[in-house]
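S.K.: Below is the structure I would like to discuss, written out as structure tokens.
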Amino acid sequence: MNAFLSWSILLAPITAAVLIGLFTKQNSKLSSKLSIGAIGFSFLMTLLLAAVNSGTPEIPVTSSVTWLEVGGLKVELGMIIDPLSMMMLLVVTGVGTAIHIFSLGYMKDDPSLGRYFGFLSLFTFSMLGIVLASNFFQMFIFWELVGVSSYLLIGFWFERKPAAAACQKAFIVNRLGDFGFLIGIILIWSITGSLDFGEISGAFTENPALLGASTAIAGLLIFCGVLGKSAQFPLHVWLPDAMEGPTPVSALIHAATMVAAGVYLLCRTLFLFELPTSWPEDFAWLNGVSSLHIVALIGAITSIMAALIATRQDDIKRILAYSTLSQLGYMVMAVGLGGAAAGMFHLTTHAFFKALLFLGAGSVIYAAHHEQDIWKLGGLRKKMPVTFWTFLIGTLALCGAPPFSGFYSKEEVLLAAYQSNVVLFVLAAITAVLTTFYMFRLVFVAFGGSAKSESADHAHESPSVMTTPLVFLAVLSVVGGWLGIGGYFGHFFDHGAVHHGHHENQTVVMFIGIGAIIFGFFPAFFMYHGAESDPLKKGLGGIGEFLKNRMLIDEAYQWFISRTHEALARLADWIDRWILAGFLVKGIQFTGEFTGRALRLAQTGNTQTYALLFGLGLAVALFVILL
Amino acid sequence: MNTSLMFLEILVALAGLGILVGDLWTPDKHKKKLGYGAAAFLGILFLISFQVQVGNVKYAFGGMYILDSLAIFFKRVFLLAGGVVMLMAVEFTPKIKRGVSEFYALLLFALAGMMIAASAYDFSLLFVTLELITITFYILASYLRSETASLEAGVKYLILGALSSAVLVFGIALLFGSTSALSFLEITETLGQSSGSLASNPLAIAGAVLVFAGLAFKLAIFPFQFWAPDVYQGAPSPVTAFLAVGSKAAGMVLVLRVLFQALPSITLNWSAFLATLAIFTILYGNLAAIPQKNLKRMLGYSSIAQAGYLMMGIVAMSSAGASAILFYLVGYAVTVLSAFLTLTLCVNAIGSSEIKSLSGLMDRSPLLASTMILAMVSLAGIPPLVGFFGKFMLIQSVVESAPAGWGCLVVAAIIGVVASLYYYLGVVRAIIWDKSPNTELEKIQISTPSQALLYAGIFMMIYLGFFQNQVVEAAQNAASVFNF
């Protein structure tokens, strides 16, 4: 039953993708029905699967078929169903369904709607594959498939130059991380001889020192994959640019699924990070630092950095993109600090409210005729009430205001930080202040005040096909904290549930969290309520410009790449052009061509010449044979 | 006398006569149908030929005519090629101003000549049948009397053909003078006797060289190949196709019989000499084809190169080599006939056989375009098409028997294959990528029989690339007549 359900969950979207790709691409209506039907079916099957397994959440259920066996390498296609994957399945299919339906309205007039839904289904299939993967090999395949399908979706409007550039950037940056991931997989396989998560973790239970000196290295290599997919510093640069894709895609990829895959991988392979850390001799100076410390540090850096940048962005989707980075940093930091349950809890609620915010932004963009600059919007509160109220709910949930879902999950993240590392906790608290600040800045400027452009002036509420998913997600954003998701994960990660019996800590953290909201809200209120232009522009001076330019990280990469990679590429190009193509290839071609032309001279077309050559040839032949 | 052994040839010749007679009662507009009738008749004969059981070797006309598995193998190849060429000729009829029926009849006579050549076991029959083939081709090559190119092709072929016939006759005379025999059987015996002293007689050896030269002319082997490009280009396309497939195969069967059945005691020492010729032929054909702009002329050079590859099987001097030659000829026939059928149809529609005039063919007729592309790819010897397997067998046979100088030969063959990619794929490029200057070209209409034939050609090129067993077995069976 479990096997059948999980296979049907996985295979429904790819069936739709194949059917759309092969047959119905030209027919946008049928394609969208197929795609939405497929993910709806997956969602229902997931609910059924959850119901079937509700009694036994502790035992991971796996089912697998051997795919290929070469030498010592045995590759299986497996399905793993435990609380971790169960919840991810619900998030991916549930939020995914809402986003699919929303797309129907948002993309209504696009001429290649069939292609869009085909890609969407392909993406869903890949993401579900990651969630259900029972071994590293399968995980990696679907990992790359997610990379490819996100590339296709981000570059969906490939005729627009920024979109074409953005999808390449996303793909290449992800590949950079995946390279480390792949090496990590090979390293683990070479030592343990297995790719299966269950087998490997079993081997570690027996012998925690199995990986020897490469324990920390192996973990960090796997973490490279997380850096790429979950857009952590320093590989975060692709995500803001990926906003060039259609907005529902941003909601799907950059809120609920793809970026969550990194955190999911981290939790799935947590057994690897929890091994006693040991470093090779060259890294002896790192003794005492565990790989999880590094994970937590990276998460914290990402979260504060992205939050700072978000305060100075003007594009509604970019603000949300940096906000996503910041929240992903939270999750990674939580996992790094031993709060895997908190991280996954925040991942789940974040999927709800961030998808809601992106779709809300999509609704605004749709209504305002693709105007994305918040300083050209304004006054939408009255014109788009459903969008406004749902967006506000999303904002409050993101800021962590009680009793919205974000309040509960963020509190657990902060708690995890508070209990293990004060510095990181302070960073996290500042991030929370900044989060409230930039989100209310967005709300006040875009929805409050008066319309600042003609397109905003003429905006009106989006059709119900778009507002219904908003309401659905808004409900989840409100109630997401009360469903016991945190406890559900807490049970799964035995040692993740550190907060039991620390009521004083919990109270302190709760007050700090609420204080952060107040500290963020009032500056935003005073500065941006009814503001016509950004007072921070002058107020912050050089730092403001620095933040507005995304801390110049892209520029630094550009500078670095142009001096290393591109110099190398130019050298290779030179060698290829002059030595290989020029001297070797052209040289051979020239010799052939020249000989051919020379031989043609014998072919005069003159019969006498031919006869003469015939005779000469005969004479030579006789001469050779007889003498 | 056992004339019943010759019933296939007799029927073909009768069909030719029948067309000439039938022509008198057929109104002009229906003359085309005579060609369809002849093609169908050849198809039926092709099927009947599989009923001919060759248990023991049978002789007719006092040992001049032999019917063994080799002969029947070649007769089938000729009948198949003849049928296809006949359909090609039907497609070609709009270009022939007068004498359509005679065109068909001449093709049939040439075909009868080739079929007899497959059974020639005596130098006198060899000469007669070769003349039957060649003289018909003189007429066929110059059949488009209003076109100077066609006339030029005919005249060149006539003059140089006469030269080669003279050399051939001279060679036969020398051999007769030294052995006082014309039958292959008797010559072998005579040369084999007296502990080989006669086999080292310069007169006999010179005779063998001259006979070989006369036959090598038909095969277009270096240095007797100069006529090929000019004649291929000028002759009507169906004639060129028949020249490329039929005449070459007839030359090949005669070369095989003369070298390995009539004069083995002389020629078995020739492998270095033959390898040299093969190397030159391969390099000459492939390199000189590179700058060509006309598809028919390019195919002329290509046919020289293919003759060079075929020579590899002779150089191997083994039954593996001989069966490789036979397989290669089948694959070559399928491929070249497909190419020329496409060419004939294209020339009808486009009016030019320049390679660049094929641009835009993919849009105008995907069927023609894909047949031509496959034919080029197969000729270039790219797997999995039939041309690859044939070349593979030939090279393998040379490597296995490792005669003197085989290393150079294999290297030359590989260089030739690589160089040939350039000009074969140039045709593919013209078809697929080159932009046609005239964008408003209409689709090309193809008659049903030709369509069926094109599909059959595509099928065979691919099928034989994957499933060679039947043909390879038939070839091995046919090659078993040689004792190495």
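Chain labels follow the order of the structure tokens: the first chain is A, the next B, and so on; residue numbering restarts at 1 in every chain, and ligands are counted from 1 in their shown order.
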Excluding Ser124 (chain B) and its own-chain neighbours fewer than 6 positions away, which residues fall within 10 Å of it when counting only C-alpha atoms? Please give them as number ranges by chain.

M.R.: B: 64, 130, 169, 172, 182-183

S.K.: Those selected residues, please, written with C-alpha atoms and delivered as a PDB file, in the first residue's frame.

M.R.:
```
ATOM      1  CA  MET B  64      32.602 -22.129 -71.127  1.00  0.00           C
ATOM      2  CA  LEU B 130      32.323  -7.902 -71.637  1.00  0.00           C
ATOM      3  CA  VAL B 169      42.474  -9.139 -76.021  1.00  0.00           C
ATOM      4  CA  ILE B 172      44.208 -13.143 -73.663  1.00  0.00           C
ATOM      5  CA  LEU B 182      41.144 -20.444 -73.208  1.00  0.00           C
ATOM      6  CA  SER B 183      39.124 -22.285 -70.620  1.00  0.00           C
TER       7      SER B 183
END
```

S.K.: Using only C-alpha atoms, I'd like every residue of chain A that has an atom within 9 Å of chain B; please write them out as an MDAnalysis selection string.

M.R.: chainID A and resid 589 592:600 602:603 605:607 610:611 613:618 621:622 624:626

S.K.: Taking 2 positions as the minimum chain separation for residues in the same chain, which residues sit within 9 Å of region 178-185 of chain A when counting only C-alpha atoms? Answer as an MDAnalysis selection string.

M.R.: chainID A and resid 136:137 140 143:144 173:176 187:190 195 217:229

S.K.: Once you have the residues from the selection above, write them out as a PDB file, in the first residue's frame, restricted to N, CA and C atoms.

M.R.:
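Writing done, so here's part.pdb:
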```pdb
ATOM      1  N   PHE A 136      21.651   8.193  -1.759  1.00  0.00           N
ATOM      2  CA  PHE A 136      22.352   9.358  -2.278  1.00  0.00           C
ATOM      3  C   PHE A 136      22.257   9.460  -3.790  1.00  0.00           C
ATOM      4  N   PHE A 137      22.335   8.295  -4.438  1.00  0.00           N
ATOM      5  CA  PHE A 137      22.345   8.302  -5.909  1.00  0.00           C
ATOM      6  C   PHE A 137      21.051   8.893  -6.453  1.00  0.00           C
ATOM      7  N   PHE A 140      20.729  12.503  -5.761  1.00  0.00           N
ATOM      8  CA  PHE A 140      21.518  13.357  -6.644  1.00  0.00           C
ATOM      9  C   PHE A 140      20.853  13.517  -8.006  1.00  0.00           C
ATOM     10  N   TRP A 143      18.042  15.765  -7.550  1.00  0.00           N
ATOM     11  CA  TRP A 143      18.671  17.054  -7.208  1.00  0.00           C
ATOM     12  C   TRP A 143      19.001  17.812  -8.495  1.00  0.00           C
ATOM     13  N   GLU A 144      19.630  17.105  -9.416  1.00  0.00           N
ATOM     14  CA  GLU A 144      19.991  17.727 -10.698  1.00  0.00           C
ATOM     15  C   GLU A 144      18.749  18.004 -11.544  1.00  0.00           C
ATOM     16  N   VAL A 173      25.453  28.362 -10.657  1.00  0.00           N
ATOM     17  CA  VAL A 173      25.770  28.470  -9.229  1.00  0.00           C
ATOM     18  C   VAL A 173      25.373  27.191  -8.510  1.00  0.00           C
ATOM     19  N   ASN A 174      24.217  26.641  -8.899  1.00  0.00           N
ATOM     20  CA  ASN A 174      23.793  25.383  -8.289  1.00  0.00           C
ATOM     21  C   ASN A 174      24.755  24.252  -8.603  1.00  0.00           C
ATOM     22  N   ARG A 175      25.230  24.225  -9.836  1.00  0.00           N
ATOM     23  CA  ARG A 175      26.168  23.174 -10.235  1.00  0.00           C
ATOM     24  C   ARG A 175      27.457  23.250  -9.412  1.00  0.00           C
ATOM     25  N   LEU A 176      27.823  24.490  -9.098  1.00  0.00           N
ATOM     26  CA  LEU A 176      29.024  24.689  -8.299  1.00  0.00           C
ATOM     27  C   LEU A 176      28.878  23.966  -6.969  1.00  0.00           C
ATOM     28  N   LEU A 187      32.887  10.211  -1.864  1.00  0.00           N
ATOM     29  CA  LEU A 187      33.739   9.975  -0.690  1.00  0.00           C
ATOM     30  C   LEU A 187      33.054   9.008   0.268  1.00  0.00           C
ATOM     31  N   ILE A 188      31.790   9.279   0.554  1.00  0.00           N
ATOM     32  CA  ILE A 188      31.069   8.424   1.504  1.00  0.00           C
ATOM     33  C   ILE A 188      30.929   7.012   0.950  1.00  0.00           C
ATOM     34  N   TRP A 189      30.625   6.926  -0.348  1.00  0.00           N
ATOM     35  CA  TRP A 189      30.460   5.606  -0.958  1.00  0.00           C
ATOM     36  C   TRP A 189      31.778   4.824  -0.919  1.00  0.00           C
ATOM     37  N   SER A 190      32.882   5.557  -1.181  1.00  0.00           N
ATOM     38  CA  SER A 190      34.161   4.847  -1.242  1.00  0.00           C
ATOM     39  C   SER A 190      34.542   4.290   0.129  1.00  0.00           C
ATOM     40  N   LEU A 195      25.233   3.409  -0.676  1.00  0.00           N
ATOM     41  CA  LEU A 195      24.650   4.711  -0.978  1.00  0.00           C
ATOM     42  C   LEU A 195      23.348   4.911  -0.225  1.00  0.00           C
ATOM     43  N   ILE A 217      34.971  16.629   6.648  1.00  0.00           N
ATOM     44  CA  ILE A 217      35.054  16.986   5.229  1.00  0.00           C
ATOM     45  C   ILE A 217      33.843  16.441   4.481  1.00  0.00           C
ATOM     46  N   ALA A 218      33.496  15.179   4.754  1.00  0.00           N
ATOM     47  CA  ALA A 218      32.363  14.571   4.067  1.00  0.00           C
ATOM     48  C   ALA A 218      31.094  15.374   4.328  1.00  0.00           C
ATOM     49  N   GLY A 219      30.903  15.741   5.589  1.00  0.00           N
ATOM     50  CA  GLY A 219      29.715  16.518   5.923  1.00  0.00           C
ATOM     51  C   GLY A 219      29.691  17.838   5.189  1.00  0.00           C
ATOM     52  N   LEU A 220      30.835  18.529   5.180  1.00  0.00           N
ATOM     53  CA  LEU A 220      30.856  19.846   4.543  1.00  0.00           C
ATOM     54  C   LEU A 220      30.676  19.732   3.034  1.00  0.00           C
ATOM     55  N   LEU A 221      31.166  18.632   2.434  1.00  0.00           N
ATOM     56  CA  LEU A 221      30.962  18.455   0.988  1.00  0.00           C
ATOM     57  C   LEU A 221      29.472  18.282   0.689  1.00  0.00           C
ATOM     58  N   ILE A 222      28.801  17.485   1.525  1.00  0.00           N
ATOM     59  CA  ILE A 222      27.357  17.347   1.351  1.00  0.00           C
ATOM     60  C   ILE A 222      26.701  18.717   1.530  1.00  0.00           C
ATOM     61  N   PHE A 223      27.212  19.476   2.514  1.00  0.00           N
ATOM     62  CA  PHE A 223      26.652  20.798   2.776  1.00  0.00           C
ATOM     63  C   PHE A 223      26.808  21.738   1.575  1.00  0.00           C
ATOM     64  N   CYS A 224      27.821  21.478   0.732  1.00  0.00           N
ATOM     65  CA  CYS A 224      27.983  22.279  -0.488  1.00  0.00           C
ATOM     66  C   CYS A 224      26.711  22.244  -1.327  1.00  0.00           C
ATOM     67  N   GLY A 225      26.105  21.042  -1.413  1.00  0.00           N
ATOM     68  CA  GLY A 225      24.855  20.931  -2.144  1.00  0.00           C
ATOM     69  C   GLY A 225      23.795  21.821  -1.522  1.00  0.00           C
ATOM     70  N   VAL A 226      23.769  21.873  -0.192  1.00  0.00           N
ATOM     71  CA  VAL A 226      22.800  22.714   0.514  1.00  0.00           C
ATOM     72  C   VAL A 226      23.050  24.180   0.196  1.00  0.00           C
ATOM     73  N   LEU A 227      24.323  24.560   0.179  1.00  0.00           N
ATOM     74  CA  LEU A 227      24.676  25.958  -0.118  1.00  0.00           C
ATOM     75  C   LEU A 227      24.056  26.384  -1.442  1.00  0.00           C
ATOM     76  N   GLY A 228      24.145  25.514  -2.438  1.00  0.00           N
ATOM     77  CA  GLY A 228      23.616  25.871  -3.755  1.00  0.00           C
ATOM     78  C   GLY A 228      22.099  25.921  -3.747  1.00  0.00           C
ATOM     79  N   LYS A 229      21.475  24.800  -3.379  1.00  0.00           N
ATOM     80  CA  LYS A 229      20.013  24.722  -3.513  1.00  0.00           C
ATOM     81  C   LYS A 229      19.305  25.658  -2.546  1.00  0.00           C
TER      82      LYS A 229
END
```

S.K.: Could you pull out the residues in region 349-396 of chain B that DSSP calls helix (DSSP H, G or I) from the backbone, as a count of residues only?

M.R.: 36

S.K.: To one decimal in Å, tell me the separation between CA of Ala397 (chain A) and CA of Phe353 (chain A).

M.R.: 6.5 Å

S.K.: With only C-alpha atoms as the counted atoms, please give the residues lying no more than 10 Å from region 161-165 of chain A, apart from itself and same-chain residues fewer than 2 positions off, as a PyMOL selection string.

M.R.: chain A and resi 151-159+167-170+241-246

S.K.: Export N, CA and C atoms of the chosen residues as an mmCIF file, in the first residue's frame?

M.R.:
```cif
data_model
loop_
_atom_site.group_PDB
_atom_site.id
_atom_site.type_symbol
_atom_site.label_atom_id
_atom_site.label_comp_id
_atom_site.auth_asym_id
_atom_site.auth_seq_id
_atom_site.Cartn_x
_atom_site.Cartn_y
_atom_site.Cartn_z
ATOM 1 N N TYR A 151 15.856 25.689 -13.904
ATOM 2 C CA TYR A 151 16.474 26.456 -15.003
ATOM 3 C C TYR A 151 15.441 26.760 -16.078
ATOM 4 N N LEU A 152 14.664 25.735 -16.434
ATOM 5 C CA LEU A 152 13.656 25.918 -17.482
ATOM 6 C C LEU A 152 12.580 26.901 -17.036
ATOM 7 N N LEU A 153 12.213 26.839 -15.754
ATOM 8 C CA LEU A 153 11.121 27.696 -15.284
ATOM 9 C C LEU A 153 11.584 29.140 -15.099
ATOM 10 N N ILE A 154 12.779 29.308 -14.529
ATOM 11 C CA ILE A 154 13.273 30.680 -14.336
ATOM 12 C C ILE A 154 13.438 31.343 -15.696
ATOM 13 N N GLY A 155 13.930 30.575 -16.660
ATOM 14 C CA GLY A 155 14.131 31.130 -18.000
ATOM 15 C C GLY A 155 12.919 30.938 -18.886
ATOM 16 N N PHE A 156 11.748 30.810 -18.275
ATOM 17 C CA PHE A 156 10.563 30.536 -19.093
ATOM 18 C C PHE A 156 10.350 31.625 -20.142
ATOM 19 N N TRP A 157 10.556 32.887 -19.721
ATOM 20 C CA TRP A 157 10.460 33.980 -20.699
ATOM 21 C C TRP A 157 11.860 34.237 -21.236
ATOM 22 N N PHE A 158 12.404 33.236 -21.907
ATOM 23 C CA PHE A 158 13.809 33.314 -22.291
ATOM 24 C C PHE A 158 14.070 34.398 -23.313
ATOM 25 N N GLU A 159 13.001 34.909 -23.956
ATOM 26 C CA GLU A 159 13.237 35.963 -24.939
ATOM 27 C C GLU A 159 13.600 37.268 -24.241
ATOM 28 N N CYS A 167 18.487 32.410 -15.496
ATOM 29 C CA CYS A 167 18.363 30.950 -15.401
ATOM 30 C C CYS A 167 19.730 30.304 -15.531
ATOM 31 N N GLN A 168 20.593 30.905 -16.358
ATOM 32 C CA GLN A 168 21.943 30.346 -16.460
ATOM 33 C C GLN A 168 22.699 30.515 -15.166
ATOM 34 N N LYS A 169 22.518 31.693 -14.573
ATOM 35 C CA LYS A 169 23.215 31.950 -13.319
ATOM 36 C C LYS A 169 22.760 30.956 -12.258
ATOM 37 N N ALA A 170 21.450 30.760 -12.171
ATOM 38 C CA ALA A 170 20.922 29.826 -11.182
ATOM 39 C C ALA A 170 21.506 28.439 -11.402
ATOM 40 N N ASP A 241 18.252 37.007 -8.528
ATOM 41 C CA ASP A 241 18.133 37.136 -9.980
ATOM 42 C C ASP A 241 17.043 36.239 -10.530
ATOM 43 N N ALA A 242 16.816 35.106 -9.852
ATOM 44 C CA ALA A 242 15.822 34.155 -10.343
ATOM 45 C C ALA A 242 14.425 34.723 -10.301
ATOM 46 N N MET A 243 14.271 35.927 -9.703
ATOM 47 C CA MET A 243 12.957 36.570 -9.672
ATOM 48 C C MET A 243 12.484 36.970 -11.065
ATOM 49 N N GLU A 244 13.374 36.803 -12.061
ATOM 50 C CA GLU A 244 12.973 37.101 -13.438
ATOM 51 C C GLU A 244 11.951 36.092 -13.950
ATOM 52 N N GLY A 245 11.836 34.977 -13.307
ATOM 53 C CA GLY A 245 10.854 33.984 -13.732
ATOM 54 C C GLY A 245 9.446 34.449 -13.405
ATOM 55 N N PRO A 246 8.436 33.746 -13.933
ATOM 56 C CA PRO A 246 7.060 34.089 -13.609
ATOM 57 C C PRO A 246 6.854 34.009 -12.093
#
```

S.K.: If you measure from CA of Ile39 (chain A) to CA of Asn27 (chain A), what distance in Å do you get, rounded to one decimal?

M.R.: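 Computing the Euclidean distance for CA of Ile39 (chain A) and CA of Asn27 (chain A) yields 18.7 Å.
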
S.K.: Find the residue from B:Leu80, B:Ala369, B:Met312, B:Met461 that sits nearest to Phe392 (chain B); use only C-alpha atoms when measuring.

M.R.: B:Met312

S.K.: Which residue gives the smallest distance to Tyr528 (chain A) among A:Phe560, A:Trp279, A:Trp67, A:Tyr438, with only C-alpha atoms counted?

M.R.: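 Result for the nearest residue to Tyr528 (chain A): A:Tyr438.
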
S.K.: Please identify all polymer residues within 6 Å of Gly449 (chain A), counting only C-alpha atoms, omitting same-chain residues fewer than 4 positions from it, and present them as a JSON list (two decimals) with N, CA and C atoms, in the first residue's frame.

M.R.:
```
[["chain", "number", "residue", "atom", "x", "y", "z"],
["A", 378, "GLY", "N", 1.24, 51.48, -4.49],
["A", 378, "GLY", "CA", 0.61, 52.32, -3.49],
["A", 378, "GLY", "C", -0.90, 52.36, -3.65],
["A", 379, "GLY", "N", -1.56, 52.49, -2.50],
["A", 379, "GLY", "CA", -3.01, 52.64, -2.52],
["A", 379, "GLY", "C", -3.77, 51.39, -2.93],
["A", 530, "GLY", "N", 2.60, 56.58, 4.48],
["A", 530, "GLY", "CA", 2.28, 57.73, 3.65],
["A", 530, "GLY", "C", 3.49, 58.37, 3.00]]
```

S.K.: Between CA of Val54 (chain B) and CA of Val258 (chain B), what distance in Å does the model show, to one decimal?

M.R.: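 CA of Val258 (chain B) lies at a distance of 21.3 Å from CA of Val54 (chain B).
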
S.K.: At a cut-off of 12 Å, using only C-alpha atoms, what residues contact Val509 (chain A)? Leave out same-chain residues fewer than 6 positions from it and give the result as number ranges by chain.

M.R.: A: 407-408, 410-419, 422, 425-426, 428-429, 432, 499, 502-503, 515-516

S.K.: Considering only C-alpha atoms, return as number ranges by chain whatever protein or nucleic-acid residues lie within 7 Å of Gly308 (chain B), sequence-local ones (same chain, fewer than 6 positions apart) excluded.

M.R.: B: 221, 278-279, 281-282

S.K.: Considering only C-alpha atoms, state which residue in the set B:Phe46, B:Phe74, B:Phe340, B:Phe388 is at the smallest distance from Ala120 (chain B).

M.R.: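 The shortest atom-to-atom distance to Ala120 (chain B) comes from B:Phe74.
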